[in-house]
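Colleague: This is coords.cif, which holds mmCIF, C-alpha atoms:
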data_query
#
loop_
_atom_site.label_atom_id
_atom_site.label_comp_id
_atom_site.auth_asym_id
_atom_site.auth_seq_id
_atom_site.Cartn_x
_atom_site.Cartn_y
_atom_site.Cartn_z
CA MET A 1 87.47 98.85 120.09
CA SER A 2 85.26 98.75 117.00
CA ILE A 3 86.30 100.51 113.80
CA ASN A 4 83.38 102.03 111.95
CA TYR A 5 83.63 103.97 108.72
CA ALA A 6 80.65 104.74 106.48
CA ASN A 7 82.43 103.36 103.42
CA ASP A 8 85.86 102.50 102.03
CA LYS A 9 86.36 106.06 100.73
CA GLU A 10 85.95 107.45 104.25
CA ALA A 11 88.30 104.76 105.57
CA ALA A 12 90.89 105.68 102.89
CA ASP A 13 90.69 109.36 103.93
CA ALA A 14 91.12 108.36 107.57
CA PHE A 15 94.12 106.22 106.67
CA ALA A 16 95.85 109.10 104.84
CA LEU A 17 95.32 111.35 107.90
CA LYS A 18 96.57 108.67 110.32
CA TYR A 19 99.65 108.20 108.14
CA GLN A 20 100.45 111.94 108.31
CA THR A 21 100.06 111.90 112.11
CA LEU A 22 102.22 108.78 112.29
CA THR A 23 105.10 110.33 110.32
CA SER A 24 104.86 113.49 112.47
CA GLU A 25 105.30 111.39 115.62
CA ILE A 26 108.22 109.45 114.10
CA ASN A 27 109.89 112.72 113.04
CA LYS A 28 110.03 113.78 116.70
CA VAL A 29 112.82 111.21 117.09
CA ILE A 30 114.08 110.39 113.57
CA VAL A 31 115.75 113.20 111.62
CA GLY A 32 115.43 112.92 107.81
CA GLN A 33 115.26 109.40 106.33
CA GLN A 34 111.80 110.24 104.92
CA GLU A 35 111.99 107.63 102.14
CA VAL A 36 113.14 104.95 104.59
CA VAL A 37 110.25 105.74 106.96
CA GLN A 38 107.72 105.74 104.10
CA SER A 39 108.96 102.44 102.66
CA THR A 40 108.98 100.79 106.10
CA LEU A 41 105.43 101.91 106.84
CA ASN A 42 104.34 100.89 103.34
CA ALA A 43 105.66 97.37 104.02
CA ILE A 44 103.88 97.19 107.40
CA PHE A 45 100.51 98.16 105.90
CA SER A 46 101.13 95.81 102.95
CA LYS A 47 101.79 92.83 105.30
CA GLY A 48 105.37 92.63 104.03
CA HIS A 49 108.84 92.49 105.59
CA CYS A 50 111.87 94.74 105.04
CA LEU A 51 115.60 94.29 104.65
CA LEU A 52 117.57 97.42 105.57
CA ILE A 53 121.10 97.79 104.18
CA GLY A 54 123.19 100.42 105.93
CA VAL A 55 126.41 100.99 107.83
CA PRO A 56 126.31 101.05 111.66
CA GLY A 57 125.15 104.21 113.42
CA LEU A 58 122.41 105.30 111.01
CA ALA A 59 119.60 104.83 113.60
CA LYS A 60 118.11 101.67 112.08
CA THR A 61 117.33 100.22 115.53
CA LEU A 62 115.99 103.55 116.77
CA LEU A 63 113.77 103.83 113.70
CA VAL A 64 112.14 100.45 114.31
CA ASN A 65 111.75 101.13 118.03
CA THR A 66 110.11 104.50 117.30
CA ILE A 67 107.72 103.00 114.73
CA ALA A 68 106.74 100.29 117.23
CA SER A 69 105.98 102.96 119.86
CA ALA A 70 103.93 105.08 117.43
CA LEU A 71 101.98 101.98 116.36
CA ASP A 72 101.42 100.74 119.94
CA LEU A 73 102.96 97.35 119.12
CA ASP A 74 105.24 94.92 120.94
CA PHE A 75 108.85 95.31 119.83
CA SER A 76 111.60 92.72 120.01
CA ARG A 77 115.26 93.00 118.96
CA ILE A 78 117.39 89.95 118.12
CA GLN A 79 121.14 90.44 117.73
CA PHE A 80 122.21 87.78 115.23
CA THR A 81 125.54 86.12 116.04
CA PRO A 82 127.40 83.05 114.68
CA ASP A 83 126.41 80.97 117.75
CA LEU A 84 122.68 81.80 117.66
CA MET A 85 120.50 78.67 117.43
CA PRO A 86 116.96 78.45 115.92
CA SER A 87 115.47 77.75 119.39
CA ASP A 88 117.04 81.01 120.65
CA ILE A 89 114.64 82.97 118.43
CA THR A 90 111.59 80.69 118.14
CA GLY A 91 111.47 79.50 121.76
CA SER A 92 111.73 76.01 123.24
CA GLU A 93 109.98 73.48 125.43
CA ILE A 94 111.20 72.93 128.98
CA LEU A 95 110.22 70.44 131.66
CA ASN A 96 108.38 72.31 134.42
CA ASP A 97 107.85 71.44 138.12
CA LYS A 98 104.84 69.28 137.24
CA LYS A 99 107.04 67.16 134.94
CA GLU A 100 105.16 68.52 131.92
CA PHE A 101 106.61 70.15 128.82
CA GLN A 102 105.97 73.87 128.78
CA PHE A 103 106.61 76.11 125.76
CA ILE A 104 108.65 79.24 126.50
CA LYS A 105 108.16 81.82 123.73
CA GLY A 106 111.22 83.26 122.00
CA PRO A 107 111.73 86.87 120.86
CA LEU A 108 109.93 86.15 117.56
CA PHE A 109 106.64 86.39 119.48
CA ALA A 110 106.29 90.16 119.05
CA ASN A 111 104.50 92.37 116.54
CA ILE A 112 107.65 94.05 115.22
CA VAL A 113 110.90 92.08 115.23
CA LEU A 114 114.25 93.68 114.46
CA ALA A 115 116.65 91.02 113.17
CA ASP A 116 119.93 92.88 113.59
CA GLU A 117 122.72 91.82 111.20
CA ILE A 118 120.86 88.80 109.85
CA ASN A 119 123.86 87.78 107.72
CA ARG A 120 125.98 87.16 110.86
CA THR A 121 124.08 83.99 111.82
CA PRO A 122 124.32 80.52 110.18
CA PRO A 123 121.79 79.43 107.51
CA LYS A 124 119.93 77.15 109.97
CA THR A 125 118.91 80.12 112.15
CA GLN A 126 118.27 82.35 109.13
CA ALA A 127 115.94 79.64 107.79
CA ALA A 128 114.02 79.52 111.10
CA LEU A 129 113.40 83.27 110.89
CA LEU A 130 112.48 83.20 107.20
CA GLU A 131 110.07 80.29 107.73
CA ALA A 132 108.37 82.26 110.52
CA MET A 133 108.11 85.27 108.18
CA GLN A 134 106.45 83.18 105.49
CA GLU A 135 104.18 80.96 107.57
CA ARG A 136 103.64 83.38 110.50
CA ASN A 137 103.97 80.51 112.94
CA VAL A 138 106.65 78.26 114.44
CA THR A 139 106.56 74.50 115.00
CA ILE A 140 108.12 73.23 118.24
CA GLY A 141 107.89 69.60 119.31
CA GLY A 142 105.21 68.91 116.71
CA HIS A 143 102.99 71.76 117.95
CA ILE A 144 102.22 74.83 115.84
CA HIS A 145 102.42 78.16 117.67
CA ARG A 146 100.92 81.20 115.94
CA LEU A 147 102.95 84.41 115.95
CA GLY A 148 101.60 87.84 116.82
CA ASN A 149 99.24 89.66 114.50
CA PRO A 150 100.25 92.01 112.96
CA PHE A 151 103.72 90.51 112.49
CA PHE A 152 106.50 92.40 110.77
CA VAL A 153 110.23 91.58 110.47
CA LEU A 154 112.80 94.23 109.77
CA ALA A 155 116.23 92.71 109.14
CA THR A 156 119.43 94.73 108.87
CA GLN A 157 122.69 94.07 107.08
CA ASN A 158 126.03 95.86 107.22
CA PRO A 159 127.26 96.24 103.60
CA ILE A 160 130.93 96.86 104.39
CA GLU A 161 132.08 94.03 106.65
CA GLN A 162 131.65 90.67 104.96
CA GLU A 163 134.16 88.55 106.93
CA GLY A 164 132.50 85.86 109.00
CA THR A 165 129.07 86.41 107.43
CA TYR A 166 126.56 84.04 105.82
CA PRO A 167 124.98 85.92 102.87
CA LEU A 168 121.27 85.27 102.36
CA PRO A 169 120.55 83.13 99.28
CA GLU A 170 118.36 84.68 96.57
CA ALA A 171 115.42 82.40 97.46
CA GLN A 172 115.47 83.71 101.02
CA LEU A 173 115.97 87.34 99.97
CA ASP A 174 112.79 86.94 97.91
CA ARG A 175 110.77 86.68 101.16
CA PHE A 176 111.44 90.35 101.86
CA MET A 177 109.00 92.76 100.24
CA PHE A 178 111.44 95.69 100.21
CA ASN A 179 115.21 96.07 100.19
CA ILE A 180 115.82 99.57 101.56
CA LYS A 181 119.16 101.35 101.43
CA VAL A 182 119.80 103.61 104.42
CA GLU A 183 122.09 106.42 103.30
CA TYR A 184 124.23 108.84 105.32
CA PRO A 185 122.35 111.95 106.51
CA SER A 186 122.93 115.32 104.85
CA TYR A 187 125.05 117.95 106.64
CA GLU A 188 121.94 119.75 107.96
CA GLU A 189 120.33 116.49 109.11
CA GLU A 190 123.49 115.34 110.88
CA LEU A 191 123.74 118.74 112.58
CA GLU A 192 120.17 118.31 113.86
CA VAL A 193 120.90 114.73 115.01
CA VAL A 194 123.90 115.89 117.04
CA LYS A 195 121.91 118.79 118.55
CA ARG A 196 119.12 116.46 119.66
CA THR A 197 121.30 113.65 121.00
CA THR A 198 123.88 115.63 122.98
CA THR A 199 121.43 117.19 125.44
CA ASN A 200 119.21 115.69 128.12
CA HIS A 201 116.04 116.33 126.08
CA THR A 202 114.03 113.21 125.21
CA ALA A 203 111.11 113.25 122.80
CA THR A 204 107.89 111.45 123.73
CA VAL A 205 106.31 109.46 120.91
CA ASN A 206 102.54 109.15 121.19
CA SER A 207 100.72 106.04 120.04
CA VAL A 208 98.75 106.74 116.84
CA LEU A 209 97.38 103.35 115.74
CA SER A 210 96.36 100.23 117.65
CA ALA A 211 97.03 96.68 116.42
CA GLU A 212 93.33 96.36 115.53
CA GLU A 213 93.43 99.51 113.36
CA ILE A 214 96.61 98.32 111.62
CA LEU A 215 94.92 95.01 110.72
CA TYR A 216 91.89 96.95 109.44
CA PHE A 217 94.05 99.20 107.23
CA GLN A 218 96.06 96.20 105.98
CA ASP A 219 92.79 94.73 104.68
CA LEU A 220 91.78 98.13 103.26
CA VAL A 221 95.03 98.33 101.23
CA ARG A 222 94.22 95.01 99.58
CA LYS A 223 90.70 96.19 98.69
CA VAL A 224 92.01 99.19 96.70
CA PRO A 225 90.97 98.84 93.04
CA ILE A 226 93.64 98.91 90.35
CA ALA A 227 93.21 99.68 86.65
CA ASP A 228 94.14 96.96 84.14
CA ASN A 229 96.78 99.14 82.45
CA VAL A 230 98.57 99.70 85.81
CA LEU A 231 98.42 95.98 86.62
CA GLU A 232 99.77 95.14 83.15
CA TYR A 233 102.57 97.71 83.55
CA ALA A 234 103.69 96.11 86.85
CA VAL A 235 103.70 92.56 85.43
CA ALA A 236 105.41 93.68 82.20
CA LEU A 237 108.08 95.54 84.20
CA VAL A 238 108.94 92.37 86.13
CA GLY A 239 108.92 90.36 82.88
CA LYS A 240 111.53 92.73 81.42
CA THR A 241 113.97 91.84 84.23
CA ARG A 242 114.24 88.24 82.94
CA PRO A 243 117.10 87.93 80.43
CA ASP A 244 115.53 84.95 78.63
CA SER A 245 112.33 86.93 77.97
CA SER A 246 111.71 88.34 74.49
CA ALA A 247 110.59 91.60 76.16
CA ALA A 248 113.90 92.04 78.01
CA PRO A 249 115.92 95.06 76.81
CA ALA A 250 119.55 94.74 75.69
CA GLN A 251 120.94 95.95 79.04
CA VAL A 252 119.13 93.18 80.96
CA LYS A 253 120.32 90.50 78.53
CA GLU A 254 123.87 91.83 78.81
CA TYR A 255 124.20 92.32 82.57
CA ILE A 256 121.58 90.18 84.38
CA SER A 257 121.81 86.41 84.81
CA TRP A 258 118.49 85.95 86.71
CA GLY A 259 115.44 88.20 86.87
CA SER A 260 112.54 88.59 89.28
CA GLY A 261 109.85 85.99 89.96
CA PRO A 262 106.07 86.45 90.27
CA ARG A 263 106.36 87.53 93.93
CA ALA A 264 107.90 90.79 92.65
CA SER A 265 104.76 91.48 90.57
CA GLN A 266 102.57 90.86 93.63
CA TYR A 267 104.63 93.20 95.81
CA LEU A 268 104.74 95.91 93.11
CA VAL A 269 100.93 95.92 92.97
CA ILE A 270 100.30 95.81 96.73
CA GLY A 271 103.05 98.39 97.36
CA ALA A 272 101.58 100.69 94.70
CA LYS A 273 98.12 100.39 96.30
CA CYS A 274 99.50 101.41 99.69
CA ASN A 275 101.57 104.22 98.16
CA ALA A 276 98.41 105.59 96.52
CA LEU A 277 96.47 105.55 99.81
CA ILE A 278 99.15 107.30 101.86
CA ASN A 279 99.26 110.02 99.20
CA GLY A 280 95.50 110.58 99.35
CA LYS A 281 94.57 108.72 96.15
CA TYR A 282 91.88 106.05 95.88
CA ALA A 283 93.59 103.94 93.21
CA PRO A 284 97.23 103.55 92.14
CA ASP A 285 98.63 104.75 88.83
CA ILE A 286 101.87 103.88 87.02
CA GLU A 287 103.77 106.48 89.09
CA ASP A 288 102.88 104.56 92.26
CA VAL A 289 104.33 101.38 90.75
CA LYS A 290 107.52 103.28 89.85
CA ALA A 291 107.70 104.71 93.39
CA VAL A 292 108.14 101.23 94.92
CA ALA A 293 109.94 99.52 92.02
CA LEU A 294 113.52 100.06 93.21
CA GLU A 295 112.87 98.63 96.72
CA VAL A 296 110.92 95.68 95.31
CA LEU A 297 113.34 94.73 92.50
CA ARG A 298 116.75 95.64 93.97
CA HIS A 299 117.32 92.27 95.71
CA ARG A 300 115.61 90.15 93.07
CA LEU A 301 118.00 90.69 90.17
CA VAL A 302 121.25 88.71 89.99
CA LYS A 303 124.11 90.41 88.12
CA ASN A 304 126.49 88.43 85.91
CA TYR A 305 130.29 88.65 85.79
CA LYS A 306 130.24 91.27 83.04
CA ALA A 307 128.19 93.63 85.22
CA GLU A 308 130.62 93.09 88.12
CA ALA A 309 133.62 93.73 85.88
CA GLU A 310 132.17 96.89 84.34
CA GLY A 311 130.82 98.26 87.64
CA VAL A 312 127.18 98.20 86.50
CA SER A 313 124.85 98.13 89.52
CA VAL A 314 121.40 96.57 89.76
CA GLU A 315 120.07 100.09 90.43
CA ASN A 316 121.46 101.24 87.06
CA VAL A 317 119.58 98.46 85.29
CA ILE A 318 116.29 99.14 87.14
CA THR A 319 116.54 102.88 86.47
CA GLN A 320 116.92 102.14 82.74
CA LEU A 321 113.87 99.86 82.86
CA LEU A 322 111.80 102.64 84.44
#
Translate this file's structure into structure tokens.
Modeller:
Amino acid sequence: MSINYANDKEAADAFALKYQTLTSEINKVIVGQQEVVQSTLNAIFSKGHCLLIGVPGLAKTLLVNTIASALDLDFSRIQFTPDLMPSDITGSEILNDKKEFQFIKGPLFANIVLADEINRTPPKTQAALLEAMQERNVTIGGHIHRLGNPFFVLATQNPIEQEGTYPLPEAQLDRFMFNIKVEYPSYEEELEVVKRTTTNHTATVNSVLSAEEILYFQDLVRKVPIADNVLEYAVALVGKTRPDSSAAPAQVKEYISWGSGPRASQYLVIGAKCNALINGKYAPDIEDVKAVALEVLRHRLVKNYKAEAEGVSVENVITQLL
């Protein structure tokens, strides 16, 4: 299938329309969670990965499965447990009938991978996943095996039960483009969820985009022009999160021990470009940077003891910065 648009403007218009169709298909199954859906799709089209924080039963798995169906992509779910080994997710070599080593692909070889409860598995297995996210390949027995393209990891964490977990270090958290909080549904949304799920009716999700189109639109997002003042705003915003910076406000110096690195600036810009396109704009403005700032910065700021003692959250600090 060849993708032909007269110019980038026409392609941008087509992308905005496809996005609307995509969300309509997802809404057949997912009730509410509009911001979660938008942020997840933004990450996919920005070639990023997501970390979803939410209690069990908020349809995180269903959301990813539905997105995979609407995008006509291979979907794989890995339930992370304390006894999971790196080879269980990457794959391994076995000796076949011909006495030759044969590589058997693991569940990472899919377009969309749901890493369920990533903090329940030891650091060795977490590292194998995070290396695959960064390099987009795995090395087994000295041979490099390329992962699917597009490749997107959505990892989930349960924020309430911390016994027997292995929290992700900050350096590994930094690999995720967005940290998305999945909140409880409203009364009306929960009512609709119960209505839909307690009958024998099943919604059919139609495929909207092929893998080839997704790759095309991922490249289109990166081609979006950005004004110097918007670029400078994004970089300056990240600079203000660093307590040792002269630009850092008093609240950051008081409550934050470590700020965001340059990867945050990159993700703010690429996320703002995608946010502009899905809203029918041809270039991002400062509002587009602000729209993705919370998800980009939330997991990149480290609070100090004073913030913990006084109950100041990272979200409070970011909101003040904005």
Colleague: Applying 9 Å and only C-alpha atoms, which residues near Glu295 of chain A remain after dropping the ones on its own chain fewer than 2 positions away? List them as a PDB file with C-alpha atoms, keeping the file's coordinate frame.
Modeller:
ATOM      1  CA  SER A  39     108.960 102.440 102.660  1.00  0.00           C
ATOM      2  CA  MET A 177     109.000  92.760 100.240  1.00  0.00           C
ATOM      3  CA  PHE A 178     111.440  95.690 100.210  1.00  0.00           C
ATOM      4  CA  ASN A 179     115.210  96.070 100.190  1.00  0.00           C
ATOM      5  CA  ILE A 180     115.820  99.570 101.560  1.00  0.00           C
ATOM      6  CA  LYS A 181     119.160 101.350 101.430  1.00  0.00           C
ATOM      7  CA  ALA A 291     107.700 104.710  93.390  1.00  0.00           C
ATOM      8  CA  VAL A 292     108.140 101.230  94.920  1.00  0.00           C
ATOM      9  CA  ALA A 293     109.940  99.520  92.020  1.00  0.00           C
ATOM     10  CA  LEU A 297     113.340  94.730  92.500  1.00  0.00           C
ATOM     11  CA  ARG A 298     116.750  95.640  93.970  1.00  0.00           C
ATOM     12  CA  HIS A 299     117.320  92.270  95.710  1.00  0.00           C
TER      13      HIS A 299
END
Colleague: Pick from A:Leu71, A:Ala227, A:Ile140, A:Ala6: nearest to Ile104 of chain A, with all atoms listed in the file counted?
Modeller: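 Of A:Leu71, A:Ala227, A:Ile140, A:Ala6, the one nearest Ile104 of chain A, counting all atoms listed in the file, is A:Ile140.
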Colleague: Taking into account all atoms listed in the file, which residue in the set A:Val182, A:Tyr255, A:Ile278, A:Thr66 is nearest to Ala16 of chain A?
Modeller: A:Ile278
Colleague: Between A:Leu114, A:Val31, A:Val289, A:Leu268, which residue has the minimum interatomic distance to Arg196 of chain A, considering only C-alpha atoms?
Modeller: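 So, comparing all the options, the nearest one is A:Val31.
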Colleague: Which residues match the PyMOL selection byres ((chain A and resi 45) around 12) in the file above, as a ChimeraX atom specification?
Modeller: /A:15-16,19,38-44,46-50,71,150-152,177,209,211,213-222,267,270-275,277-278
Colleague: Can you pull out the residues contacting Pro122 of chain A? Cut-off 9 Å, using all atoms listed in the file, and skip same-chain residues under 3 positions away; I want them as a tab-separated table (two decimals) with C-alpha atoms, in the frame of the given file.
Modeller:
chain	number	residue	atom	x	y	z
A	81	THR	CA	125.54	86.12	116.04
A	82	PRO	CA	127.40	83.05	114.68
A	83	ASP	CA	126.41	80.97	117.75
A	84	LEU	CA	122.68	81.80	117.66
A	85	MET	CA	120.50	78.67	117.43
A	118	ILE	CA	120.86	88.80	109.85
A	119	ASN	CA	123.86	87.78	107.72
A	125	THR	CA	118.91	80.12	112.15
A	126	GLN	CA	118.27	82.35	109.13
A	127	ALA	CA	115.94	79.64	107.79
A	165	THR	CA	129.07	86.41	107.43
A	166	TYR	CA	126.56	84.04	105.82
Colleague: If I take atom CA of Lys9 of chain A and atom CA of Glu232 of chain A, how far is one from the other in Å, to one decimal?
Modeller: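 Interatomic distance, atom CA of Lys9 of chain A to atom CA of Glu232 of chain A: 24.7 Å.
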Colleague: In Å, rounded to a single decimal, give me how far atom CA of Glu189 of chain A is from atom CA of Glu287 of chain A.
Modeller: 27.8 Å
Colleague: One number please: atom CA of Arg300 of chain A to atom CA of Gly148 of chain A, in Å, one decimal.
Modeller: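 Taking atom CA of Arg300 of chain A and atom CA of Gly148 of chain A, their separation equals 27.7 Å.
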Colleague: Could you please give me, as a ChimeraX atom specification, the residues of protein, DNA or RNA lying at most 12 Å from (106.4, 104.1, 116.1) in the coordinate frame of the file, considering only C-alpha atoms?
Modeller: /A:19,21-30,37,40-41,44,61-75,111-112,204-211
Colleague: I'd like to know which of A:Lys195, A:His201, A:Lys60, A:Lys303 is closest to Thr241 of chain A, using all atoms listed in the file.
Modeller: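 The shortest atom-to-atom distance to Thr241 of chain A comes from A:Lys303.
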Colleague: From the set A:Ile160, A:Ile3, A:Val230, A:Val296, which residue has the shortest atom-to-atom contact distance to Gly54 of chain A, counting all atoms listed in the file?
Modeller: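 The shortest atom-to-atom distance to Gly54 of chain A comes from A:Ile160.
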Colleague: Tell me which of A:Leu237, A:Leu51, A:Ile256, A:Ala248 sits closest to Asn304 of chain A, counting all atoms listed in the file.
Modeller: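 Of A:Leu237, A:Leu51, A:Ile256, A:Ala248, the one nearest Asn304 of chain A is A:Ile256, counting all atoms listed in the file.
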Colleague: Do a neighbour search on Pro169 of chain A at 10 Å with all atoms listed in the file, toss out local chain neighbours closer than 4 positions, and write the hits as a list in words.
Modeller: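 After dropping sequence-adjacent residues, the list is Pro123, Leu173 and Asp174 of chain A.
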Colleague: Emit the selected residues as a compact mmCIF listing (two decimals), in the coordinates of the input, including C-alpha atoms.
Modeller:
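Dumped to result.txt:
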# COMPACT_ATOMS: atom_id res chain seq x y z
CA PRO A 123 121.79 79.43 107.51
CA LEU A 173 115.97 87.34 99.97
CA ASP A 174 112.79 86.94 97.91
Colleague: Carefully work through the PyMOL selection byres ((chain A and resi 238) around 9) for this structure and note down the residues it includes, as JSON, numbers by chain.
Modeller: {"A": [233, 234, 235, 236, 237, 239, 240, 241, 242, 259, 260, 261, 262, 264, 265, 268, 297]}
